[in-house]
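Visitor: I'd like to ask some things about the structure below.
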Amino acid sequence: MVGPGHGTRPCEADAPEETPSADLRMPVLGAATWVGALVGLLVPLRAIPVAVLALLAVLGVAARLLDRGVGRRLRAAGLPSAGPGAGPGTGQVVRTALAAGLLLAAAAGVATVHRVGTTTGPVSALADERASVRGELVVTGDPRERSGPFSDYVVVRGRLTVVEGRGRAWEVRSPVLVVAPSDWVDVPLGSRLAVSGRLVPAEGGDLAAVLRARADPEVLEPPDVWWRGAAEVRAALRESVDHRPPDQAVLVPSLVVGDDAGLDPALAEDFATTGLTHLLAVSGTNLTLITAFLLVLAQQVGVRGRGRVVVAVVGIVGFVLLARTEPSVVRAAAMGTVALLGMGRNGLRRGTRSLGVAVTVLLLFQPWLATTVGFALSVLATAGILLLAPSWRDALARWMPRWMAEAVAVPAAAQLACTPVVAGISGEVSIVAVLANMLVAPVVGPATVLGLAGGLVGLVWTPPSRVPGTVAAWCVGWIIAVARWGAALPLASVGWGTSVLALALLTAACLAAVPLAPRFLVRPRLVLLACALTAVVVLVRPPTPGWPPERWAVVACDVGQGDALVLRVGPGSAVVVDTGPDPASVDRCLDRLGVDHVALLVLTHFHDDHAGAVAGVLDGRDVDAIDVSPLDEPRTTADDVRDLAAARGIPVSVPAHGSVRQVGDVRLEVLGPLPGVVRPAAPAAGSPRQRDGEGSGANDASLVLLAEVAGVSVLLTGDVEPPAQRTLLRTVAARPGGVDVDVLKVPHHGSRHQVQELLAAVRAEVALVSVGADNTYGHPDPDLLHTLEAGGTRVFRTDLAGDLVVTRPTTEDGSVGVVTGRG
């Protein structure tokens with residue numbers, strides 16, 4: 001036998017198996033393309049060449065230094081290296097840097113061309129002039145209903161192909177956003193329409209303009225056959241689950257093809273809190289599951305080789321048609337394809353290469369994706385799964401079953417990679433996201449595949465389609481239960497902030513966790529101890545020192561551009577007046593105050609900034625009754641409120657003028673509106689009356705309440721404008737002794753349209769202004785603030801001070817105290 005000293009090597013069977021490694025060259029090229037696209041889209045046009053040259057110089061220096069470092073390591077290992085770039089590995093550095101520089105410059109050039117093409121040309125020029133135009137539009141997105149402050153409307157994306165204005169006509173290909181009357185809700189995707197309206201400038205993004213349509217849509221050409229077929233499948237999918245509870249019936253189409261029409265805002269907020277939002281939108285997971293299922297079927301019927309490739313391509317194309325060809329769908333399809341490649345043999349190397357290729361190709365064809373949050377989250381989640389999950393899985397698999405290790409590692413890696421971006425958007429870090437994703441993972445696949453099967457069967461015959469549809473709905477019911485359970489935990493997420501320093505610290509912590517995680521996960525005792533500590537933190541609400549302040553009576557919650565006021569009824573109980581526009585904001589404010597019972601919810605009127613977040617008040621709380629304005633306008637919001645109340649068995653009523661109600665420590669008297677003065681017609685959108693805020697029917701129909709809260713008097717005015725304010729002034733003047741209050745909730749967020757005599761007549765000690773930071777309405781008006789302060793009223797604003805807490809008097813002169821959430 002020949003011994004090892006005679007120049008032989010061990011046989012292949014005895015050689016240790018090589019751990020597959022990631023090929024990071026293509027991800028580097030993808031990152032360079034991303035940087036180039038951002039330069040072309042965000043840097044001032046004149047500075048783009050300078051920025052590109054500077055980046056190329058930095059890239060060249062970095063490549064040179066890295067090349068020398070690689071060469072030194074090769075020589076130290078005894079490998080040949082004749083100089084920079086000569087040996088194996090060093091040449092790759094130079095070639096990769098050269099390719100990265102070329103792609104960076106190319107992406108910057110392509111993005112600049114797209115940017116110039118979108119922001120110049122006939123459509124953008126007409127928008128700058130706010131010109132009235134006619135033209136032809138191809139519908140490229142599904143219509144979405146929205147509730148505005150004055151009426152319901154529809155938004156839909158489209159591409160103008162012909163535009164006529166200022167006496168001229170042009171053939172164009174300009175993407176626009178159409179804001180249209182509610183009759184547009186049924187326009188079919190892919191159809192060609194004759195449109196007319198006014199063009200106005202778009203606020204950034206990939207839009208050339210916004211078209212405010214005036215007339216009903218006129219269909220010139222119906223959608224092509226593939227769009228009609230996709231619409232039929234989507235309709236059949238909805239019919240296969242329409243017999244299930246509403247939340248399940250909405251979520252199955254959302255899970256399969258991203259069709260989330262009718263989704264409860266409170267449920268969407270629960271999904272966001274628990275890190276399950278990706279299930280509500282089109283994602284690469286959808287495509288991966290559907291295409292993998294088709295490949296399994298193909299294999300069972302004997303399809304092999306190139307036939308499987310054809311099946312995969314058909315699955316991808318079909319998915320894109322079903323979910324629409326919007327940029328977000330194309331991005332999801334690309335990421336799903338990367339995931340499919342990563343599941344195959346040598347998946348890590350193929351997956352990382354494919355990720356870099358996908359990023360590069362997408363950004364060269366759709367540069368605007370570089371600025372979207374969805375694209376960043378998709379890329380980061382895919383990268384986290386490819387690069388981090390394998391080592392985390394292997395570490396966990398040393399002491400737990402491999403399938404369980406995989407179930408933990410995949411969502412944890414994706415969550416860690418996305419955490420800084422998610423925190424930058426929401427200002428929060430979810431604690432329960434990994435657990436929630438683990439709990440729902442077993443049913444996501446069956447729900448997606450069976451939901452699609454229900455839609456396909458429903459094309460032929462509806463009754464049998466309800467069988468797979470029902471099972472899919474059962475799976476979705478479990479997902480909903482997990483989302484609601486997780487969101488209801490005392491500390492499902494923690495506020496982090498969105499400042500540069502806060503996000504930098506979070507990013508640094510996530511980067512530090514990358515090398516440390518495998519060393520930590522391999523130790524079962526440490527992992528179990530960490531899980532136990534996390535469970536304690538999540539399940540036990542930590543005390544907030546000094547909040548809410550002792551003796552608090554009234555709180556104006558910081559809910560952005562909207563109203564949400566809380567009147568203390570007793571321990572854990574309150575009267576809530578309005579909700580603001582965001583369910584999460586009002587929910588957090590009530591949580592901070594420890595309110596788990598709402599004795600009465602008052603909606604002064606149905607504009608979204610006052611009644612758009614009812615779901616946030618209902619979330620996890622008992623609500624005894626709801627009082628509403630006598631005018632159901634906008635109708636959609638009013639109907640939504642009544643539907644939510646009916647589903648919970650909550651009575652809804654319109655309080656009579658002059659009625660008095662005692663709720664615990666709170667006494668409420670209705671001062672307005674007077675009977676017979678409600679005007680049901682709101683001014684037309686864009687009319688001068690609407691723009692200057694004078695005389696909106698819904699605003700002047702606001703419930704006006706005089707409240708007494710444990711000795712603190714408060715005048716709650718909703719959004720009443722001068723006509724209703726003058727009526728209120730007469731009511732106040734007619735009362736014996738008038739109305740002298742401690743606290744005034746300033747009408748309409750401090751709008752400049754105020755009756756000064758009313759402000760003087762109530763002689764408020766404190767004025768609360770509920771207003772959103774950097775709002776576009778100019779609220780609050782500086783002259784109004786000066787008038788209030790000149791009259792001796794202390795003015796506090798939610799945009800500057802956060803939550804505003806009025807406390808019961810503690811001084812001999814009887815003055816109320818005010819504590820602000822931001823100190």
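Please note that chains go A, B, ... in the order of the structure tokens, that every chain numbers its residues from 1, and that ligands are numbered from 1 in the order shown.
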Please extract the residues of range 447-598 of chain A with a backbone DSSP assignment of strand (DSSP E) and present them as a list in words.

Guide: Ser493, Val494, Gly495, Trp552, Ala553, Val554, Val555, Ala556, Leu565, Val566, Leu567, Arg568, Val569, Gly570, Ser573, Ala574, Val575, Val576, Val577, His597 and Val598 of chain A

Visitor: Step one, run DSSP on the backbone; step two, keep only residues of range 378-466 of chain A assigned to helix (DSSP H, G or I); then write them as a ChimeraX atom specification.

Guide: /A:378-387,389-396,402-426,433-458,462-466

Visitor: I'd like the contact shell of Pro515 in chain A - 10 Å cut-off, only C-alpha atoms, skipping same-chain residues fewer than 5 positions apart - returned as JSON, numbers by chain.

Guide: {"A": [388, 391, 510, 520]}

Visitor: Give the answer as one residue: which of A:His243, A:His605, A:Arg25, A:Arg168 has the shortest atom-to-atom distance to Pro673 in chain A, using only C-alpha atoms?

Guide: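 When distances to Pro673 in chain A are compared using only C-alpha atoms, the smallest one comes from A:His605.
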
Visitor: Near Gly649 in chain A, within 12 Å and counting only C-alpha atoms, which residues show up once chain neighbours fewer than 3 positions away are dropped, as a PyMOL selection string?

Guide: chain A and resi 618+622-626+642-646+652

Visitor: Name the residues in contact with Gly458 in chain A at a cut-off of 8 Å, using only C-alpha atoms, excluding same-chain residues fewer than 5 positions from it; report them as number ranges by chain.

Guide: A: 233, 236-237, 239-240, 463-465

Visitor: Taking 4 positions as the minimum chain separation for residues in the same chain, which residues sit within 8 Å of range 116-118 of chain A when counting only C-alpha atoms? Answer as a ChimeraX atom specification.

Guide: /A:112,124,174-175,206-208

Visitor: Of the candidates A:Arg635, A:Arg730, A:Arg64, A:Arg621, which one gets nearest to Val595 in chain A if we count only C-alpha atoms?

Guide: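 Counting only C-alpha atoms, the residue closest to Val595 in chain A is A:Arg621.
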